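Shown next: target30.txt, given as compact mmCIF, C-alpha atoms.
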```txt
# COMPACT_ATOMS: atom_id res chain seq x y z
CA MET A 1 115.62 132.40 76.65
CA ILE A 2 114.05 129.08 77.54
CA SER A 3 116.69 126.37 77.76
CA ASP A 4 116.60 122.91 76.19
CA GLU A 5 116.56 121.46 79.72
CA LEU A 6 113.29 123.18 80.58
CA TRP A 7 111.59 121.81 77.48
CA MET A 8 112.90 118.34 78.31
CA ARG A 9 111.56 118.68 81.85
CA ARG A 10 108.16 119.36 80.36
CA ALA A 11 108.51 116.21 78.25
CA LEU A 12 109.30 114.26 81.43
CA GLN A 13 106.25 115.71 83.18
CA LEU A 14 104.07 114.57 80.31
CA ALA A 15 105.72 111.13 80.17
CA ALA A 16 104.95 110.48 83.85
CA LEU A 17 101.22 110.82 83.12
CA GLY A 18 101.36 107.43 81.40
CA LEU A 19 102.45 105.57 84.54
CA GLY A 20 100.25 102.55 85.09
CA LYS A 21 98.82 102.69 81.58
CA ALA A 22 101.70 102.65 79.07
CA GLN A 23 103.46 99.49 80.33
CA PRO A 24 104.99 97.35 78.92
CA ASN A 25 105.99 100.28 76.72
CA PRO A 26 108.25 103.02 78.13
CA LEU A 27 106.96 106.28 79.58
CA VAL A 28 107.40 108.90 76.87
CA GLY A 29 106.47 112.56 76.54
CA ALA A 30 107.13 114.90 73.62
CA VAL A 31 107.13 118.67 73.16
CA ILE A 32 107.40 120.55 69.85
CA VAL A 33 108.85 124.07 69.98
CA LYS A 34 109.22 126.87 67.40
CA ASN A 35 110.89 130.17 68.28
CA GLU A 36 110.80 129.35 72.01
CA ARG A 37 107.08 128.72 71.88
CA MET A 38 105.43 125.36 72.42
CA ILE A 39 103.21 124.51 69.47
CA GLY A 40 102.39 120.89 70.32
CA GLU A 41 102.81 118.32 73.07
CA GLY A 42 101.69 114.82 73.91
CA PHE A 43 102.49 111.61 75.78
CA HIS A 44 102.02 107.87 75.37
CA GLN A 45 98.65 107.48 77.06
CA GLN A 46 97.93 103.78 76.74
CA TYR A 47 99.70 100.61 75.58
CA GLY A 48 98.75 100.03 71.94
CA ALA A 49 97.67 103.67 71.46
CA PRO A 50 99.64 106.31 69.48
CA HIS A 51 103.09 107.18 70.83
CA ALA A 52 104.05 110.53 72.36
CA GLU A 53 105.63 111.90 69.17
CA VAL A 54 102.48 111.14 67.18
CA ASN A 55 100.24 112.86 69.73
CA ALA A 56 102.51 115.91 69.84
CA ILE A 57 102.64 116.20 66.06
CA ASN A 58 98.86 115.80 65.80
CA ALA A 59 98.45 118.63 68.33
CA VAL A 60 100.19 121.13 66.02
CA VAL A 61 97.52 123.24 64.30
CA ASN A 62 99.68 124.42 61.38
CA GLU A 63 101.65 121.38 60.19
CA LYS A 64 103.93 123.60 58.08
CA LEU A 65 105.48 124.94 61.30
CA LEU A 66 106.99 121.49 61.95
CA GLU A 67 109.60 122.17 59.26
CA GLU A 68 111.10 124.93 61.44
CA SER A 69 110.66 123.31 64.85
CA THR A 70 112.50 121.25 67.46
CA LEU A 71 111.06 118.08 68.95
CA TYR A 72 111.98 117.27 72.57
CA VAL A 73 111.39 113.67 73.63
CA ASN A 74 112.67 111.92 76.77
CA PHE A 75 113.08 108.53 75.04
CA GLU A 76 114.65 107.58 71.71
CA PRO A 77 112.02 107.56 68.92
CA CYS A 78 111.20 104.01 67.84
CA SER A 79 112.47 102.71 64.52
CA HIS A 80 110.42 99.53 64.15
CA TYR A 81 106.86 98.47 63.50
CA GLY A 82 105.03 97.25 66.59
CA LYS A 83 101.43 98.06 67.41
CA THR A 84 102.09 101.43 65.73
CA PRO A 85 104.40 102.60 62.88
CA PRO A 86 107.93 103.91 63.65
CA CYS A 87 107.98 107.40 65.17
CA ALA A 88 111.37 108.10 63.55
CA SER A 89 109.77 107.65 60.12
CA LEU A 90 106.98 110.09 61.00
CA ILE A 91 109.49 112.71 62.19
CA ILE A 92 111.34 112.40 58.89
CA GLU A 93 108.12 112.53 56.91
CA LYS A 94 107.05 115.74 58.66
CA LYS A 95 110.50 117.29 57.99
CA ILE A 96 111.21 118.20 61.61
CA PRO A 97 114.81 119.44 61.39
CA LYS A 98 115.99 118.90 65.00
CA VAL A 99 115.27 116.33 67.71
CA VAL A 100 116.52 116.48 71.32
CA VAL A 101 116.52 113.04 72.98
CA GLY A 102 116.78 112.28 76.70
CA MET A 103 117.96 108.65 76.59
CA SER A 104 118.47 105.78 74.18
CA ASP A 105 116.27 102.69 74.13
CA PRO A 106 117.86 100.00 76.38
CA ASN A 107 116.40 97.21 74.27
CA PRO A 108 119.49 95.92 72.38
CA GLN A 109 117.34 95.11 69.36
CA VAL A 110 116.33 98.75 69.09
CA SER A 111 118.97 100.87 70.87
CA GLY A 112 120.48 103.57 68.67
CA LYS A 113 118.56 102.64 65.54
CA GLY A 114 116.00 105.41 65.91
CA VAL A 115 118.71 108.06 66.25
CA GLU A 116 120.64 106.51 63.37
CA MET A 117 117.56 106.62 61.15
CA LEU A 118 117.02 110.31 61.93
CA ARG A 119 120.63 111.27 61.30
CA ASP A 120 120.76 109.32 58.05
CA ALA A 121 117.81 111.44 56.90
CA GLY A 122 119.62 114.68 57.77
CA VAL A 123 117.87 115.41 61.07
CA GLU A 124 120.04 117.12 63.71
CA VAL A 125 119.93 114.97 66.87
CA VAL A 126 121.07 116.03 70.35
CA GLU A 127 121.36 113.09 72.73
CA ASN A 128 121.36 112.51 76.52
CA MET A 129 119.56 115.68 77.57
CA LEU A 130 118.75 115.29 81.31
CA GLN A 131 119.77 111.66 80.94
CA ASP A 132 119.77 110.84 84.66
CA GLU A 133 116.20 112.10 85.09
CA CYS A 134 115.12 110.20 81.98
CA LEU A 135 116.72 106.98 83.22
CA LYS A 136 115.04 107.33 86.62
CA LEU A 137 111.60 107.81 85.10
CA ASN A 138 111.92 104.65 83.01
CA LYS A 139 113.60 102.53 85.70
CA ARG A 140 110.98 99.80 85.24
CA PHE A 141 111.50 99.52 81.49
CA ILE A 142 115.30 99.59 81.89
CA THR A 143 115.35 96.89 84.59
CA TYR A 144 113.07 94.68 82.52
CA HIS A 145 115.34 94.82 79.47
CA ASN A 146 118.75 94.95 81.16
CA LYS A 147 118.16 92.47 84.01
CA LYS A 148 115.50 90.32 82.34
CA ARG A 149 113.16 90.62 85.32
CA PRO A 150 110.53 93.04 86.62
CA TYR A 151 111.39 96.06 88.74
CA ILE A 152 110.81 94.91 92.34
CA ILE A 153 109.26 97.18 94.99
CA LEU A 154 108.97 95.82 98.53
CA LYS A 155 106.29 97.32 100.75
CA TRP A 156 105.04 96.65 104.25
CA ALA A 157 103.40 98.38 107.21
CA GLN A 158 104.73 98.23 110.75
CA THR A 159 103.91 99.62 114.17
CA LYS A 160 106.06 102.22 115.95
CA ASN A 161 107.70 99.40 117.89
CA GLY A 162 108.42 97.33 114.78
CA PHE A 163 105.64 94.71 114.51
CA MET A 164 104.18 93.96 111.06
CA ASP A 165 101.74 91.16 111.93
CA ILE A 166 100.16 89.34 114.82
CA SER A 167 101.56 86.01 115.98
CA ARG A 168 99.10 83.60 114.40
CA GLY A 169 99.45 81.04 117.17
CA ASP A 170 99.15 83.64 119.91
CA VAL A 171 96.38 83.43 122.47
CA ALA A 172 93.58 85.92 121.96
CA CYS A 173 94.36 87.99 125.05
CA HIS A 174 97.81 88.88 123.71
CA ALA A 175 96.79 89.69 120.12
CA PRO A 176 95.77 93.27 119.25
CA THR A 177 92.04 93.76 118.78
CA LYS A 178 92.61 95.91 115.65
CA TYR A 179 95.10 94.74 113.02
CA TRP A 180 95.08 97.85 110.84
CA ILE A 181 98.34 99.73 111.32
CA THR A 182 98.30 102.88 109.15
CA ASN A 183 95.92 105.81 108.85
CA GLU A 184 93.49 106.66 106.05
CA ALA A 185 95.96 108.92 104.22
CA LEU A 186 98.52 106.12 103.89
CA ARG A 187 95.82 103.72 102.69
CA VAL A 188 95.05 106.13 99.86
CA TRP A 189 98.80 106.31 99.12
CA VAL A 190 98.92 102.51 98.82
CA HIS A 191 96.02 102.59 96.38
CA LYS A 192 97.90 105.18 94.34
CA LEU A 193 100.72 102.63 94.15
CA ARG A 194 98.20 100.03 92.97
CA ASN A 195 97.11 102.48 90.28
CA GLU A 196 100.69 102.85 88.99
CA GLU A 197 102.32 99.42 89.17
CA GLN A 198 101.41 96.32 87.15
CA VAL A 199 101.43 93.50 89.70
CA PHE A 200 100.95 93.03 93.45
CA LEU A 201 102.49 89.83 94.81
CA ILE A 202 101.83 88.10 98.13
CA GLY A 203 102.93 84.81 99.65
CA TYR A 204 100.58 81.88 100.08
CA ASN A 205 100.34 82.28 103.88
CA THR A 206 99.23 85.91 103.51
CA PHE A 207 96.66 84.80 100.93
CA VAL A 208 95.20 82.19 103.32
CA ASN A 209 95.46 84.13 106.59
CA ASP A 210 94.41 87.62 105.49
CA SER A 211 92.31 87.15 102.32
CA PRO A 212 93.53 90.54 101.00
CA GLN A 213 91.68 92.26 98.17
CA LEU A 214 94.74 94.08 96.73
CA THR A 215 92.39 96.18 94.60
CA ASN A 216 92.55 99.89 93.87
CA ARG A 217 89.43 101.47 95.34
CA PHE A 218 90.60 104.95 96.35
CA TYR A 219 92.80 106.30 93.54
CA GLY A 220 92.40 106.34 89.74
CA ASN A 221 90.92 103.67 87.52
CA ASN A 222 93.71 101.12 87.02
CA GLN A 223 93.60 97.76 88.76
CA PRO A 224 96.82 95.80 89.32
CA GLN A 225 97.18 92.14 88.45
CA ARG A 226 97.28 90.01 91.61
CA PHE A 227 99.60 87.05 92.08
CA VAL A 228 100.17 84.55 94.87
CA TRP A 229 103.61 82.95 95.23
CA CYS A 230 103.03 79.38 96.37
CA GLU A 231 106.60 78.14 96.02
CA ASN A 232 105.91 74.38 95.88
CA LYS A 233 102.53 74.39 97.62
CA LYS A 234 99.33 73.55 95.84
CA PRO A 235 96.69 76.19 96.62
CA ILE A 236 94.02 74.85 98.96
CA TYR A 237 91.75 77.83 98.45
CA PRO A 238 91.77 78.68 94.73
CA ASP A 239 90.58 82.14 93.75
CA ASN A 240 89.96 83.04 90.12
CA SER A 241 90.76 86.70 90.78
CA PHE A 242 94.36 85.77 91.69
CA SER A 243 97.04 84.07 89.58
CA PHE A 244 99.33 81.52 91.23
CA LEU A 245 103.09 81.19 90.72
CA PHE A 246 105.17 78.14 91.64
CA GLY A 247 108.90 77.66 92.12
CA ASN A 248 111.77 79.54 93.73
CA ILE A 249 112.24 83.29 93.51
CA GLU A 250 114.23 83.11 90.27
CA ASP A 251 111.50 80.92 88.74
CA ILE A 252 108.69 83.34 89.55
CA LEU A 253 110.61 86.36 88.31
CA SER A 254 111.31 84.52 85.07
CA GLN A 255 107.60 83.72 84.72
CA LEU A 256 106.67 87.36 85.29
CA TYR A 257 109.29 88.47 82.76
CA THR A 258 107.78 86.12 80.18
CA LEU A 259 104.38 87.70 80.89
CA LYS A 260 105.94 91.13 80.09
CA ILE A 261 105.45 92.35 83.64
CA GLN A 262 107.73 95.35 84.23
CA SER A 263 106.93 96.17 87.86
CA VAL A 264 105.95 94.13 90.90
CA VAL A 265 105.02 95.32 94.38
CA VAL A 266 105.70 92.62 96.97
CA GLU A 267 103.21 93.05 99.79
CA GLY A 268 103.69 89.70 101.48
CA GLY A 269 104.59 88.71 105.00
CA LYS A 270 108.01 88.59 106.60
CA LYS A 271 108.95 85.24 105.02
CA THR A 272 108.20 86.43 101.49
CA LEU A 273 109.91 89.79 101.97
CA ASN A 274 113.02 88.13 103.41
CA ARG A 275 113.31 85.92 100.32
CA PHE A 276 113.86 89.08 98.28
CA PHE A 277 116.26 90.60 100.80
CA GLU A 278 118.29 87.37 101.07
CA THR A 279 118.72 87.07 97.29
CA ASN A 280 119.14 90.85 96.84
CA LEU A 281 116.50 90.73 94.12
CA TRP A 282 114.81 94.03 94.86
CA ASP A 283 115.12 97.64 93.71
CA GLU A 284 113.37 99.81 96.26
CA ALA A 285 111.27 99.50 99.41
CA PHE A 286 108.56 101.48 101.13
CA ILE A 287 108.14 101.10 104.89
CA LEU A 288 104.87 102.50 106.25
CA THR A 289 105.04 103.08 110.00
CA GLY A 290 101.74 103.67 111.80
CA ASN A 291 101.39 105.70 114.97
CA VAL A 292 100.38 102.63 117.03
CA GLU A 293 102.16 100.11 119.23
CA TRP A 294 101.50 96.42 119.90
CA GLU A 295 102.64 94.40 122.88
CA ARG A 296 103.78 91.50 120.72
CA GLY A 297 103.66 90.06 117.21
CA VAL A 298 105.87 89.35 114.20
CA LYS A 299 108.81 91.73 113.88
CA ALA A 300 109.19 93.49 110.54
CA PRO A 301 112.37 93.14 108.42
CA LYS A 302 115.23 95.55 109.08
CA PRO A 303 116.90 96.38 105.74
CA GLN A 304 120.48 97.62 105.92
CA SER A 305 120.14 100.15 103.09
CA THR A 306 120.06 103.89 103.76
CA THR A 307 116.73 105.70 103.79
CA VAL A 308 116.48 107.97 100.78
CA ARG A 309 113.36 109.88 101.80
CA ARG A 310 111.14 110.13 104.87
CA ILE A 311 107.66 111.66 104.72
CA GLU A 312 105.28 112.17 107.65
CA ILE A 313 101.54 112.22 106.91
CA ASP A 314 99.07 112.80 109.76
CA GLY A 315 101.38 111.17 112.30
CA ASP A 316 102.29 108.14 110.19
CA VAL A 317 105.57 107.85 108.27
CA ILE A 318 106.62 106.58 104.81
CA GLU A 319 110.28 105.66 104.43
CA HIS A 320 111.63 105.13 100.91
CA ILE A 321 114.76 103.02 100.43
CA ASP A 322 116.74 102.44 97.23
CA ASN A 323 118.80 99.30 96.74
CA MET A 324 121.76 100.97 95.06
```
Translate the structure of the given file into structure tokens.
Amino acid sequence: MISDELWMRRALQLAALGLGKAQPNPLVGAVIVKNERMIGEGFHQQYGAPHAEVNAINAVVNEKLLEESTLYVNFEPCSHYGKTPPCASLIIEKKIPKVVVGMSDPNPQVSGKGVEMLRDAGVEVVENMLQDECLKLNKRFITYHNKKRPYIILKWAQTKNGFMDISRGDVACHAPTKYWITNEALRVWVHKLRNEEQVFLIGYNTFVNDSPQLTNRFYGNNQPQRFVWCENKKPIYPDNSFSFLFGNIEDILSQLYTLKIQSVVVEGGKKTLNRFFETNLWDEAFILTGNVEWERGVKAPKPQSTTVRRIEIDGDVIEHIDNM
């Protein structure tokens, strides 16, 4: 017998396929099962496009089977009109008798109303199936609604001996001749990150000194939005491909929240990264350590949090840290 948990895990697998495309909506997958057999599945593929439940229902060849089926969905079906009609209404209309839900919607204007609508119509609802996994998948959406700011990911590269940048005022004979720290595999990994997250943020000094592209050229088709944090500086070198933010860290996060940005990767220099560490306004960090050493330079930050995961790829290392 296939358990409810296995069907929910399939819904989570499907939901994850929307990463980088569904935001600012949540990541949602849905599976429809009759007599332990999957008869339809779908996920939210693009913001403004049909939701997961709609795609799963449309995938069922014989619509009559819905009246004897169970719908598994990792996120509470919506109960309001947005860019699409309410999924809860469609479930009721199609007479699906049972719905298994992974987590409730954290938006206080919505939370619980989809489940309430289903139950009021006589639908059996099972809640909180694999809730921890469902919460983890939608950590960006949850942070955005609960903390009123984007989910913050810090990322930097460093040498084996802890340098992240050259000393800009250093004499040429002491500076490394090659500034690139990580190997090709880790560069592709960074572009995967650019494919999945909404915004990449750098400080003004990084913008001026390095002229980074911050584009996704090696993985997928999504391009992140690119922002420069100027604090109170007026940009000397304007660039229409970048957006500029002014103010302190709370100001810029508020601006990004207003723009409905759910996730930000901070790829700035030491000064910018330390602003986030000092205010504790960050959620996770990725440290990419290349298999090279420099004689001197700018030392990388040393976060106090415990490493959650460590992966070695062709001699270079990715460390993943959660700010729990």
Near Phe75 in chain A, counting all atoms listed in the file, which residues have an atom at most 8 Å away, once you skip same-chain residues fewer than 3 positions from it, shown as a ChimeraX atom specification?
/A:26-29,101-105,134
Could you jot down the CA of Ser167 in chain A to CA of Gly269 in chain A separation for me, Å, one decimal place?
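That distance, rounded to one decimal, is 11.7 Å.
Proximity ranking of A:Tyr179, A:Phe218, A:Phe242, A:Trp189 relative to Ile202 in chain A places A:Phe242 first, based on only C-alpha atoms.
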Contacts of range 278-295 of chain A within 9 Å, only C-alpha atoms, excl. fewer than 5 positions in-chain, as a ChimeraX atom specification:
/A:151-163,166,174-176,180-183,186,249-250,273,315-324
Scan for residues within 7 Å of the point (99.8, 118.4, 67.4) in the coordinates of the file, using only C-alpha atoms, and reply as a PyMOL selection string.
chain A and resi 40-41+55-61
Residues within 10 Å of Arg119 in chain A, only C-alpha atoms, excluding chain neighbours under 4 positions, as a list in words:
Ile92, Lys98, Val99, Lys113, Gly114, Val115, Val123, Glu124 and Val125 of chain A
Reconstruct N, CA and C atoms of range 280-310 of chain A; output as a short mmCIF file (atom, residue, chain, number, x, y, z; two decimals), in the frame of the given file.
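Saved the output as result-v6.cif:
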```cif
data_model
loop_
_atom_site.label_atom_id
_atom_site.label_comp_id
_atom_site.auth_asym_id
_atom_site.auth_seq_id
_atom_site.Cartn_x
_atom_site.Cartn_y
_atom_site.Cartn_z
N ASN A 280 118.86 89.50 97.35
CA ASN A 280 119.14 90.85 96.84
C ASN A 280 118.44 91.12 95.51
N LEU A 281 117.29 90.52 95.33
CA LEU A 281 116.50 90.73 94.12
C LEU A 281 115.39 91.73 94.42
N TRP A 282 115.78 92.96 94.63
CA TRP A 282 114.81 94.03 94.86
C TRP A 282 115.46 95.35 94.46
N ASP A 283 114.62 96.35 94.20
CA ASP A 283 115.12 97.64 93.71
C ASP A 283 114.82 98.79 94.66
N GLU A 284 113.67 98.78 95.27
CA GLU A 284 113.37 99.81 96.26
C GLU A 284 112.34 99.26 97.24
N ALA A 285 112.21 99.94 98.38
CA ALA A 285 111.27 99.50 99.41
C ALA A 285 110.58 100.70 100.03
N PHE A 286 109.33 100.48 100.40
CA PHE A 286 108.56 101.48 101.13
C PHE A 286 108.14 100.87 102.47
N ILE A 287 108.52 101.54 103.56
CA ILE A 287 108.14 101.10 104.89
C ILE A 287 107.13 102.10 105.45
N LEU A 288 105.93 101.64 105.74
CA LEU A 288 104.87 102.50 106.25
C LEU A 288 104.73 102.24 107.75
N THR A 289 105.06 103.23 108.55
CA THR A 289 105.04 103.08 110.00
C THR A 289 103.84 103.83 110.58
N GLY A 290 102.93 103.07 111.20
CA GLY A 290 101.74 103.67 111.80
C GLY A 290 102.02 104.16 113.21
N ASN A 291 101.23 105.10 113.65
CA ASN A 291 101.39 105.70 114.97
C ASN A 291 100.66 104.86 116.04
N VAL A 292 100.98 103.55 116.06
CA VAL A 292 100.38 102.63 117.03
C VAL A 292 101.48 101.70 117.55
N GLU A 293 101.22 101.09 118.68
CA GLU A 293 102.16 100.11 119.23
C GLU A 293 101.39 98.85 119.65
N TRP A 294 102.05 97.69 119.44
CA TRP A 294 101.50 96.42 119.90
C TRP A 294 102.41 95.85 120.98
N GLU A 295 101.84 95.03 121.83
CA GLU A 295 102.64 94.40 122.88
C GLU A 295 103.51 93.29 122.32
N ARG A 296 103.03 92.60 121.29
CA ARG A 296 103.78 91.50 120.72
C ARG A 296 103.31 91.25 119.29
N GLY A 297 104.02 90.36 118.59
CA GLY A 297 103.66 90.06 117.21
C GLY A 297 104.88 89.63 116.42
N VAL A 298 104.78 89.71 115.10
CA VAL A 298 105.87 89.35 114.20
C VAL A 298 106.67 90.61 113.88
N LYS A 299 107.96 90.57 114.15
CA LYS A 299 108.81 91.73 113.88
C LYS A 299 109.00 91.92 112.37
N ALA A 300 108.99 93.17 111.94
CA ALA A 300 109.19 93.49 110.54
C ALA A 300 110.67 93.35 110.16
N PRO A 301 110.97 93.18 108.85
CA PRO A 301 112.37 93.14 108.42
C PRO A 301 113.08 94.44 108.75
N LYS A 302 114.40 94.37 108.83
CA LYS A 302 115.23 95.55 109.08
C LYS A 302 116.28 95.65 107.98
N PRO A 303 115.93 96.26 106.84
CA PRO A 303 116.90 96.38 105.74
C PRO A 303 118.09 97.24 106.14
N GLN A 304 119.25 96.92 105.58
CA GLN A 304 120.48 97.62 105.92
C GLN A 304 120.71 98.87 105.08
N SER A 305 119.94 99.02 104.00
CA SER A 305 120.14 100.15 103.09
C SER A 305 119.78 101.47 103.77
N THR A 306 120.29 102.56 103.21
CA THR A 306 120.06 103.89 103.76
C THR A 306 118.73 104.46 103.28
N THR A 307 117.98 105.07 104.18
CA THR A 307 116.73 105.70 103.79
C THR A 307 116.99 106.89 102.88
N VAL A 308 116.33 106.89 101.75
CA VAL A 308 116.48 107.97 100.78
C VAL A 308 115.56 109.14 101.14
N ARG A 309 114.34 108.82 101.54
CA ARG A 309 113.36 109.88 101.80
C ARG A 309 112.44 109.44 102.94
N ARG A 310 112.04 110.40 103.74
CA ARG A 310 111.14 110.13 104.87
C ARG A 310 110.05 111.19 104.85
#
```
